[in-house]
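Enquirer: First, the structure itself, so that you have it in front of you.
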Amino acid sequence: MRRMLPVAIVLAAAVAIGAGLGLLPAGWVFVAKPLATLLLMVLAWPRGTDTPRLRRLVLVGLVLSLAGDVALMWPKEGFLPGLIAFLLAHLAYIAAFCTRAKFLSRRTPFAVYAVVAGAVLMHLWPGVPAALRVPVLLYVLCLASMAAQAAAVWLAARGTADEALTRSAAIGGALFVASDALLATNKFAGPLPLAPLLVLSTYWAAQFFIVGSLRERATPTFP
């Protein structure tokens with residue numbers, strides 16, 4: 001059953017992307033999009049039992065992400081609620097990653113992501129409505145901090161038994177930045193070709209790698 005979950009996630013994501021591209025009935029996105037994130041929650045549920053606080057915070061982040069997914073299915077009315085839901089999700093992920101290393105324990109990732117965030121904001125700023133500028137600025141700051149903390153945790157864990165797990169979180173953080181940069185570019189700077197494919201594939205890949213930062217429960221062995 002556990003082995004089939006990644007396949008089910010990919011299928012649900014593919015249906016949502018197909019609906020977004022107009023290859024499938026548009027209404028299918030209202031089922032497939034939240035379903036993909038729900039399945040990620042099911043995948044995460046049995047993992048991380050050795051790190052209960054980390055597990056709990058990642059699950060909180062996924063629940064908030066699900067709320068954001070639902071809100072963003074209405075791009076105009078739901079954009080601000082979706083932005084707030086994902087901002088809270090990133091705060092949960094930051095708290096999760098801080099269980100493995102102190103915030104700002106490595107400065108280099110924060111400097112790198114500050115440059116990335118600044119470049120993204122410079123690109124988007126002329127197209128961001130005045131009413132959304134403060135929420136967008138806060139969101140980008142929170143998103144970049146989440147990705148930077150994930151990378152800092154990986155750097156702190158290099159050479160240890162947790163290196164692979166923390167690397168997964170760092171990849172997830174980087175993919176989240178890429179996904180949200182693509183989404184914001186499509187919304188504020190002009191339509192991107194194949195936007196649903198680019199945005200949603202990187203988004204669910206990001207969540208998948210963050211879930212992968214939780215240690216998988218060992219399968220019992222019998223003599």
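FYI, nothing fancy with the structure tokens labels: chains A, B, ... in order, residues from 1 per chain, ligands from 1 as they appear.
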Could you give me, as a CSV table (one decimal) with N, CA and C atoms, in the first residue's frame, the residues within 7 Å of stretch 138-144 of chain A, counting only C-alpha atoms and dropping anything in the same chain fewer than 3 positions from it?

Expert:
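out-v2.csv, written as the output of this step:
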```csv
chain,number,residue,atom,x,y,z
A,87,LEU,N,1.8,31.1,3.7
A,87,LEU,CA,2.7,31.8,4.6
A,87,LEU,C,2.8,31.1,5.9
A,90,HIS,N,4.7,27.9,5.6
A,90,HIS,CA,6.1,28.0,5.6
A,90,HIS,C,6.6,28.3,7.0
A,91,LEU,N,5.9,29.0,7.8
A,91,LEU,CA,6.2,29.2,9.2
A,91,LEU,C,6.3,27.9,10.0
A,113,TYR,N,19.7,33.0,-0.5
A,113,TYR,CA,18.2,33.1,-0.8
A,113,TYR,C,17.7,34.6,-0.7
A,114,ALA,N,18.5,35.4,0.1
A,114,ALA,CA,18.1,36.8,0.1
A,114,ALA,C,18.3,37.4,-1.3
A,117,ALA,N,15.5,36.1,-3.5
A,117,ALA,CA,14.2,36.8,-3.2
A,117,ALA,C,14.2,38.2,-3.7
A,134,VAL,N,2.5,44.6,0.5
A,134,VAL,CA,3.0,44.1,1.8
A,134,VAL,C,2.8,42.6,2.0
A,135,PRO,N,1.6,42.0,1.7
A,135,PRO,CA,1.5,40.6,1.8
A,135,PRO,C,2.5,39.8,1.0
A,147,ALA,N,13.3,28.1,2.9
A,147,ALA,CA,14.2,27.4,2.0
A,147,ALA,C,15.7,27.5,2.6
A,148,ALA,N,16.0,28.7,3.1
A,148,ALA,CA,17.4,28.9,3.6
A,148,ALA,C,17.6,28.1,4.9
A,177,VAL,N,10.6,27.5,-3.7
A,177,VAL,CA,10.9,28.8,-4.2
A,177,VAL,C,10.7,28.9,-5.7
```

Enquirer: Can you pull out every residue within 7 Å of stretch 10-22 of chain A, counting only C-alpha atoms, but drop anything in the same chain fewer than 2 positions away, and send it as a list in words?

Expert: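 The residues satisfying every condition are Pro6, Val7, Ala8, Leu24, Pro25, Ala26, Trp28, Val29, Ala32, Lys33, Leu35, Ala36, Leu194, Pro196, Leu197 and Leu200 of chain A.
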
Enquirer: Hey, can you spit out that residue selection with C-alpha atoms as an mmCIF file, in the first residue's frame?

Expert:
```
data_model
loop_
_atom_site.group_PDB
_atom_site.id
_atom_site.type_symbol
_atom_site.label_atom_id
_atom_site.label_comp_id
_atom_site.auth_asym_id
_atom_site.auth_seq_id
_atom_site.Cartn_x
_atom_site.Cartn_y
_atom_site.Cartn_z
ATOM 1 C CA PRO A 6 3.693 7.868 -4.703
ATOM 2 C CA VAL A 7 2.036 6.500 -7.846
ATOM 3 C CA ALA A 8 -1.374 7.707 -6.635
ATOM 4 C CA LEU A 24 -9.217 17.254 -19.134
ATOM 5 C CA PRO A 25 -12.524 18.701 -17.861
ATOM 6 C CA ALA A 26 -11.785 21.819 -15.797
ATOM 7 C CA TRP A 28 -11.640 17.688 -12.252
ATOM 8 C CA VAL A 29 -9.121 20.055 -10.668
ATOM 9 C CA ALA A 32 -7.533 16.089 -8.053
ATOM 10 C CA LYS A 33 -5.694 19.101 -6.633
ATOM 11 C CA LEU A 35 -6.465 14.891 -3.373
ATOM 12 C CA ALA A 36 -2.780 15.052 -4.320
ATOM 13 C CA LEU A 194 2.336 25.674 -19.682
ATOM 14 C CA PRO A 196 -0.094 24.747 -14.627
ATOM 15 C CA LEU A 197 2.519 22.138 -15.545
ATOM 16 C CA LEU A 200 2.112 22.421 -9.949
#
```

Enquirer: So the first atom is atom CA of A:Ile9 and the second is atom CA of A:Leu62; what is the distance between them in Å, to one decimal place?

Expert: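 So the answer is 14.0 Å.
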
Enquirer: At a cut-off of 12 Å, using only C-alpha atoms, what residues contact A:Leu132? Leave out same-chain residues fewer than 3 positions from it and give the result as a tab-separated table (two decimals) with all heavy atoms, in the first residue's frame.

Expert:
```tsv
chain	number	residue	atom	x	y	z
A	79	PHE	N	-6.86	34.42	-3.81
A	79	PHE	CA	-5.40	34.62	-3.83
A	79	PHE	C	-4.87	35.03	-2.46
A	79	PHE	O	-3.90	34.44	-1.95
A	79	PHE	CB	-5.00	35.66	-4.87
A	79	PHE	CG	-3.51	35.87	-4.94
A	79	PHE	CD1	-2.69	34.94	-5.55
A	79	PHE	CD2	-2.94	36.99	-4.34
A	79	PHE	CE1	-1.31	35.13	-5.59
A	79	PHE	CE2	-1.56	37.18	-4.37
A	79	PHE	CZ	-0.75	36.25	-5.00
A	80	LEU	N	-5.48	36.04	-1.83
A	80	LEU	CA	-4.97	36.51	-0.54
A	80	LEU	C	-5.14	35.45	0.55
A	80	LEU	O	-4.19	35.18	1.31
A	80	LEU	CB	-5.64	37.82	-0.14
A	80	LEU	CG	-5.10	38.49	1.13
A	80	LEU	CD1	-3.61	38.74	1.01
A	80	LEU	CD2	-5.84	39.79	1.42
A	81	PRO	N	-6.33	34.80	0.69
A	81	PRO	CA	-6.41	33.70	1.67
A	81	PRO	C	-5.41	32.59	1.39
A	81	PRO	O	-4.83	32.02	2.33
A	81	PRO	CB	-7.86	33.20	1.51
A	81	PRO	CG	-8.61	34.36	0.97
A	81	PRO	CD	-7.64	35.08	0.07
A	83	LEU	N	-2.50	32.95	-0.08
A	83	LEU	CA	-1.18	33.48	0.29
A	83	LEU	C	-0.96	33.37	1.79
A	83	LEU	O	0.11	32.94	2.25
A	83	LEU	CB	-1.10	34.95	-0.15
A	83	LEU	CG	0.27	35.63	-0.08
A	83	LEU	CD1	1.15	35.18	-1.24
A	83	LEU	CD2	0.11	37.14	-0.10
A	84	ILE	N	-1.99	33.71	2.56
A	84	ILE	CA	-1.88	33.64	4.03
A	84	ILE	C	-1.71	32.19	4.49
A	84	ILE	O	-0.90	31.88	5.37
A	84	ILE	CB	-3.11	34.29	4.68
A	84	ILE	CG1	-3.10	35.80	4.41
A	84	ILE	CG2	-3.14	34.02	6.19
A	84	ILE	CD1	-4.39	36.50	4.79
A	124	LEU	N	8.99	41.13	-10.16
A	124	LEU	CA	7.54	41.13	-10.01
A	124	LEU	C	6.97	42.50	-9.63
A	124	LEU	O	5.81	42.79	-9.95
A	124	LEU	CB	7.13	40.13	-8.93
A	124	LEU	CG	7.45	38.65	-9.16
A	124	LEU	CD1	7.04	37.85	-7.93
A	124	LEU	CD2	6.72	38.13	-10.39
A	125	TRP	N	7.74	43.30	-8.92
A	125	TRP	CA	7.21	44.47	-8.23
A	125	TRP	C	6.35	45.39	-9.10
A	125	TRP	O	5.29	45.84	-8.65
A	125	TRP	CB	8.35	45.26	-7.59
A	125	TRP	CG	7.92	46.03	-6.38
A	125	TRP	CD1	7.90	47.39	-6.24
A	125	TRP	CD2	7.46	45.49	-5.14
A	125	TRP	NE1	7.46	47.73	-4.98
A	125	TRP	CE2	7.18	46.58	-4.29
A	125	TRP	CE3	7.24	44.20	-4.67
A	125	TRP	CZ2	6.69	46.42	-3.00
A	125	TRP	CZ3	6.76	44.03	-3.39
A	125	TRP	CH2	6.48	45.13	-2.57
A	126	PRO	N	6.77	45.71	-10.33
A	126	PRO	CA	5.93	46.63	-11.12
A	126	PRO	C	4.52	46.11	-11.36
A	126	PRO	O	3.58	46.91	-11.52
A	126	PRO	CB	6.70	46.75	-12.44
A	126	PRO	CG	8.11	46.42	-12.10
A	126	PRO	CD	8.01	45.36	-11.04
A	127	GLY	N	4.33	44.79	-11.37
A	127	GLY	CA	3.01	44.24	-11.65
A	127	GLY	C	2.19	43.90	-10.42
A	127	GLY	O	1.04	43.46	-10.55
A	128	VAL	N	2.75	44.06	-9.22
A	128	VAL	CA	2.03	43.72	-7.99
A	128	VAL	C	1.14	44.90	-7.59
A	128	VAL	O	1.64	46.01	-7.39
A	128	VAL	CB	3.00	43.40	-6.85
A	128	VAL	CG1	2.24	43.07	-5.57
A	128	VAL	CG2	3.91	42.23	-7.22
A	129	PRO	N	-0.17	44.69	-7.46
A	129	PRO	CA	-1.06	45.77	-7.04
A	129	PRO	C	-0.65	46.32	-5.67
A	129	PRO	O	-0.14	45.59	-4.82
A	129	PRO	CB	-2.44	45.11	-6.97
A	129	PRO	CG	-2.32	43.89	-7.83
A	129	PRO	CD	-0.90	43.43	-7.71
A	135	PRO	N	1.59	42.05	1.71
A	135	PRO	CA	1.46	40.59	1.85
A	135	PRO	C	2.46	39.82	0.99
A	135	PRO	O	3.04	38.82	1.44
A	135	PRO	CB	0.03	40.30	1.40
A	135	PRO	CG	-0.71	41.57	1.63
A	135	PRO	CD	0.28	42.66	1.37
A	136	VAL	N	2.69	40.27	-0.25
A	136	VAL	CA	3.64	39.58	-1.13
A	136	VAL	C	5.06	39.69	-0.57
A	136	VAL	O	5.82	38.71	-0.56
A	136	VAL	CB	3.56	40.15	-2.56
A	136	VAL	CG1	4.75	39.67	-3.40
A	136	VAL	CG2	2.26	39.72	-3.23
A	137	LEU	N	5.43	40.87	-0.07
A	137	LEU	CA	6.77	41.05	0.51
A	137	LEU	C	6.97	40.13	1.71
A	137	LEU	O	8.01	39.46	1.83
A	137	LEU	CB	6.94	42.51	0.93
A	137	LEU	CG	8.29	42.89	1.53
A	137	LEU	CD1	9.42	42.68	0.54
A	137	LEU	CD2	8.26	44.35	2.01
A	138	LEU	N	5.98	40.08	2.59
A	138	LEU	CA	6.07	39.20	3.77
A	138	LEU	C	6.15	37.74	3.36
A	138	LEU	O	6.90	36.95	3.94
A	138	LEU	CB	4.88	39.42	4.69
A	138	LEU	CG	4.83	40.78	5.41
A	138	LEU	CD1	3.51	40.93	6.18
A	138	LEU	CD2	6.01	40.93	6.36
A	139	TYR	N	5.37	37.39	2.34
A	139	TYR	CA	5.36	36.00	1.89
A	139	TYR	C	6.72	35.60	1.33
A	139	TYR	O	7.25	34.52	1.65
A	139	TYR	CB	4.28	35.78	0.83
A	139	TYR	CG	4.23	34.35	0.36
A	139	TYR	CD1	3.56	33.39	1.10
A	139	TYR	CD2	4.90	33.93	-0.79
A	139	TYR	CE1	3.54	32.06	0.71
A	139	TYR	CE2	4.89	32.62	-1.19
A	139	TYR	CZ	4.21	31.68	-0.44
A	139	TYR	OH	4.21	30.38	-0.83
A	184	ALA	N	4.01	33.39	-9.26
A	184	ALA	CA	3.93	34.84	-9.15
A	184	ALA	C	4.25	35.51	-10.48
A	184	ALA	O	3.63	36.52	-10.84
A	184	ALA	CB	4.90	35.32	-8.07
A	188	PHE	N	1.69	38.10	-12.01
A	188	PHE	CA	2.00	39.53	-11.95
A	188	PHE	C	2.85	40.05	-13.11
A	188	PHE	O	2.86	41.26	-13.35
A	188	PHE	CB	2.74	39.85	-10.64
A	188	PHE	CG	1.94	39.56	-9.41
A	188	PHE	CD1	2.43	38.71	-8.43
A	188	PHE	CD2	0.69	40.14	-9.22
A	188	PHE	CE1	1.70	38.45	-7.28
A	188	PHE	CE2	-0.05	39.88	-8.07
A	188	PHE	CZ	0.45	39.04	-7.11
```

Enquirer: Near stretch 40-51 of chain A, counting only C-alpha atoms, which residues have an atom at most 9 Å away, once you skip same-chain residues fewer than 6 positions from it, shown as an mmCIF file with all heavy atoms, in the first residue's frame?

Expert:
```cif
data_model
loop_
_atom_site.group_PDB
_atom_site.id
_atom_site.type_symbol
_atom_site.label_atom_id
_atom_site.label_comp_id
_atom_site.auth_asym_id
_atom_site.auth_seq_id
_atom_site.Cartn_x
_atom_site.Cartn_y
_atom_site.Cartn_z
ATOM 1 N N ARG A 2 1.892 1.276 0.876
ATOM 2 C CA ARG A 2 2.770 2.439 0.958
ATOM 3 C C ARG A 2 3.509 2.659 -0.354
ATOM 4 O O ARG A 2 3.768 3.794 -0.739
ATOM 5 C CB ARG A 2 3.774 2.269 2.102
ATOM 6 C CG ARG A 2 3.182 2.533 3.480
ATOM 7 C CD ARG A 2 4.242 2.586 4.534
ATOM 8 N NE ARG A 2 4.963 1.329 4.679
ATOM 9 C CZ ARG A 2 6.025 1.156 5.452
ATOM 10 N NH1 ARG A 2 6.503 2.161 6.139
ATOM 11 N NH2 ARG A 2 6.613 -0.013 5.551
ATOM 12 N N LEU A 5 1.417 4.655 -2.897
ATOM 13 C CA LEU A 5 1.060 6.040 -2.608
ATOM 14 C C LEU A 5 1.752 7.039 -3.535
ATOM 15 O O LEU A 5 1.097 7.950 -4.062
ATOM 16 C CB LEU A 5 1.369 6.379 -1.151
ATOM 17 C CG LEU A 5 0.222 6.185 -0.155
ATOM 18 C CD1 LEU A 5 0.700 6.430 1.263
ATOM 19 C CD2 LEU A 5 -0.942 7.110 -0.483
ATOM 20 N N PRO A 6 3.067 6.926 -3.771
ATOM 21 C CA PRO A 6 3.693 7.868 -4.703
ATOM 22 C C PRO A 6 3.069 7.820 -6.096
ATOM 23 O O PRO A 6 2.918 8.858 -6.756
ATOM 24 C CB PRO A 6 5.161 7.428 -4.728
ATOM 25 C CG PRO A 6 5.368 6.753 -3.417
ATOM 26 C CD PRO A 6 4.076 6.058 -3.127
ATOM 27 N N ILE A 9 -0.164 9.706 -5.916
ATOM 28 C CA ILE A 9 0.096 11.148 -5.864
ATOM 29 C C ILE A 9 0.400 11.686 -7.258
ATOM 30 O O ILE A 9 -0.130 12.728 -7.672
ATOM 31 C CB ILE A 9 1.261 11.440 -4.895
ATOM 32 C CG1 ILE A 9 0.846 11.121 -3.454
ATOM 33 C CG2 ILE A 9 1.706 12.902 -5.003
ATOM 34 C CD1 ILE A 9 2.010 11.032 -2.477
ATOM 35 N N VAL A 58 5.555 19.282 10.257
ATOM 36 C CA VAL A 58 5.435 19.031 8.816
ATOM 37 C C VAL A 58 3.978 18.741 8.451
ATOM 38 O O VAL A 58 3.467 19.237 7.438
ATOM 39 C CB VAL A 58 6.367 17.875 8.374
ATOM 40 C CG1 VAL A 58 6.034 17.409 6.956
ATOM 41 C CG2 VAL A 58 7.820 18.317 8.444
ATOM 42 N N LEU A 59 3.296 17.960 9.273
ATOM 43 C CA LEU A 59 1.879 17.683 9.026
ATOM 44 C C LEU A 59 1.043 18.964 9.100
ATOM 45 O O LEU A 59 0.126 19.161 8.297
ATOM 46 C CB LEU A 59 1.366 16.646 10.010
ATOM 47 C CG LEU A 59 1.841 15.204 9.764
ATOM 48 C CD1 LEU A 59 1.489 14.309 10.945
ATOM 49 C CD2 LEU A 59 1.237 14.640 8.484
ATOM 50 N N LEU A 62 1.486 20.731 5.904
ATOM 51 C CA LEU A 62 0.712 20.118 4.821
ATOM 52 C C LEU A 62 -0.769 20.468 4.916
ATOM 53 O O LEU A 62 -1.429 20.711 3.897
ATOM 54 C CB LEU A 62 0.898 18.599 4.853
ATOM 55 C CG LEU A 62 2.258 18.088 4.381
ATOM 56 C CD1 LEU A 62 2.423 16.608 4.725
ATOM 57 C CD2 LEU A 62 2.436 18.293 2.882
ATOM 58 N N VAL A 63 -1.310 20.499 6.144
ATOM 59 C CA VAL A 63 -2.720 20.878 6.319
ATOM 60 C C VAL A 63 -2.938 22.313 5.848
ATOM 61 O O VAL A 63 -3.909 22.624 5.136
ATOM 62 C CB VAL A 63 -3.145 20.709 7.792
ATOM 63 C CG1 VAL A 63 -4.522 21.334 8.026
ATOM 64 C CG2 VAL A 63 -3.172 19.231 8.172
ATOM 65 N N THR A 99 13.900 22.280 14.520
ATOM 66 C CA THR A 99 14.075 21.190 15.483
ATOM 67 C C THR A 99 15.384 20.442 15.225
ATOM 68 O O THR A 99 15.834 19.686 16.088
ATOM 69 C CB THR A 99 12.905 20.183 15.423
ATOM 70 O OG1 THR A 99 12.880 19.540 14.138
ATOM 71 C CG2 THR A 99 11.572 20.876 15.672
ATOM 72 N N TRP A 204 4.314 20.132 -6.092
ATOM 73 C CA TRP A 204 4.152 18.824 -5.451
ATOM 74 C C TRP A 204 5.481 18.105 -5.281
ATOM 75 O O TRP A 204 5.657 17.337 -4.324
ATOM 76 C CB TRP A 204 3.136 17.978 -6.211
ATOM 77 C CG TRP A 204 1.734 18.337 -5.831
ATOM 78 C CD1 TRP A 204 1.217 18.451 -4.563
ATOM 79 C CD2 TRP A 204 0.660 18.671 -6.711
ATOM 80 N NE1 TRP A 204 -0.099 18.821 -4.601
ATOM 81 C CE2 TRP A 204 -0.476 18.972 -5.914
ATOM 82 C CE3 TRP A 204 0.528 18.741 -8.094
ATOM 83 C CZ2 TRP A 204 -1.706 19.327 -6.446
ATOM 84 C CZ3 TRP A 204 -0.698 19.098 -8.641
ATOM 85 C CH2 TRP A 204 -1.794 19.388 -7.819
ATOM 86 N N GLN A 207 6.762 19.481 -1.996
ATOM 87 C CA GLN A 207 6.111 18.859 -0.838
ATOM 88 C C GLN A 207 6.574 17.414 -0.664
ATOM 89 O O GLN A 207 6.762 16.944 0.472
ATOM 90 C CB GLN A 207 4.583 18.899 -1.022
ATOM 91 C CG GLN A 207 3.988 20.302 -1.084
ATOM 92 C CD GLN A 207 3.842 20.955 0.291
ATOM 93 O OE1 GLN A 207 4.611 20.707 1.206
ATOM 94 N NE2 GLN A 207 2.838 21.806 0.418
ATOM 95 N N PHE A 208 6.767 16.706 -1.769
ATOM 96 C CA PHE A 208 7.219 15.313 -1.696
ATOM 97 C C PHE A 208 8.592 15.226 -1.030
ATOM 98 O O PHE A 208 8.838 14.368 -0.176
ATOM 99 C CB PHE A 208 7.263 14.711 -3.103
ATOM 100 C CG PHE A 208 7.645 13.265 -3.137
ATOM 101 C CD1 PHE A 208 6.699 12.275 -2.915
ATOM 102 C CD2 PHE A 208 8.954 12.876 -3.391
ATOM 103 C CE1 PHE A 208 7.051 10.928 -2.935
ATOM 104 C CE2 PHE A 208 9.313 11.540 -3.425
ATOM 105 C CZ PHE A 208 8.358 10.561 -3.198
ATOM 106 N N VAL A 211 8.279 15.936 2.715
ATOM 107 C CA VAL A 211 7.809 14.708 3.378
ATOM 108 C C VAL A 211 8.958 13.700 3.479
ATOM 109 O O VAL A 211 9.103 13.001 4.496
ATOM 110 C CB VAL A 211 6.618 14.101 2.612
ATOM 111 C CG1 VAL A 211 6.284 12.701 3.137
ATOM 112 C CG2 VAL A 211 5.391 15.014 2.734
ATOM 113 N N GLY A 212 9.794 13.651 2.456
ATOM 114 C CA GLY A 212 10.935 12.737 2.459
ATOM 115 C C GLY A 212 11.986 13.064 3.498
ATOM 116 O O GLY A 212 12.897 12.252 3.739
ATOM 117 N N SER A 213 11.878 14.243 4.136
ATOM 118 C CA SER A 213 12.822 14.579 5.205
ATOM 119 C C SER A 213 12.455 13.902 6.523
ATOM 120 O O SER A 213 13.212 13.981 7.492
ATOM 121 C CB SER A 213 12.887 16.095 5.397
ATOM 122 O OG SER A 213 11.691 16.591 5.965
ATOM 123 N N LEU A 214 11.289 13.261 6.561
ATOM 124 C CA LEU A 214 10.890 12.473 7.725
ATOM 125 C C LEU A 214 11.366 11.040 7.535
ATOM 126 O O LEU A 214 11.141 10.444 6.473
ATOM 127 C CB LEU A 214 9.368 12.501 7.889
ATOM 128 C CG LEU A 214 8.720 13.864 8.093
ATOM 129 C CD1 LEU A 214 7.199 13.724 8.065
ATOM 130 C CD2 LEU A 214 9.176 14.491 9.397
ATOM 131 N N ARG A 215 11.968 10.495 8.558
ATOM 132 C CA ARG A 215 12.504 9.143 8.441
ATOM 133 C C ARG A 215 11.375 8.125 8.286
ATOM 134 O O ARG A 215 10.383 8.165 9.020
ATOM 135 C CB ARG A 215 13.342 8.788 9.680
ATOM 136 C CG ARG A 215 14.238 7.552 9.476
ATOM 137 C CD ARG A 215 14.989 7.231 10.753
ATOM 138 N NE ARG A 215 15.646 8.392 11.318
ATOM 139 C CZ ARG A 215 16.835 8.856 10.909
ATOM 140 N NH1 ARG A 215 17.472 8.263 9.918
ATOM 141 N NH2 ARG A 215 17.367 9.926 11.486
ATOM 142 N N GLU A 216 11.545 7.225 7.328
ATOM 143 C CA GLU A 216 10.536 6.198 7.103
ATOM 144 C C GLU A 216 10.617 5.156 8.204
ATOM 145 O O GLU A 216 11.705 4.749 8.616
ATOM 146 C CB GLU A 216 10.750 5.536 5.740
ATOM 147 C CG GLU A 216 9.619 4.635 5.308
ATOM 148 C CD GLU A 216 9.743 4.192 3.856
ATOM 149 O OE1 GLU A 216 10.772 4.500 3.230
ATOM 150 O OE2 GLU A 216 8.815 3.533 3.372
ATOM 151 N N ARG A 217 9.440 4.745 8.677
ATOM 152 C CA ARG A 217 9.397 3.731 9.734
ATOM 153 C C ARG A 217 9.912 2.415 9.185
ATOM 154 O O ARG A 217 9.547 1.984 8.097
ATOM 155 C CB ARG A 217 7.978 3.581 10.257
ATOM 156 C CG ARG A 217 7.862 2.660 11.461
ATOM 157 C CD ARG A 217 6.536 2.857 12.172
ATOM 158 N NE ARG A 217 5.403 2.695 11.236
ATOM 159 C CZ ARG A 217 4.156 2.998 11.564
ATOM 160 N NH1 ARG A 217 3.888 3.499 12.751
ATOM 161 N NH2 ARG A 217 3.181 2.804 10.694
#
```
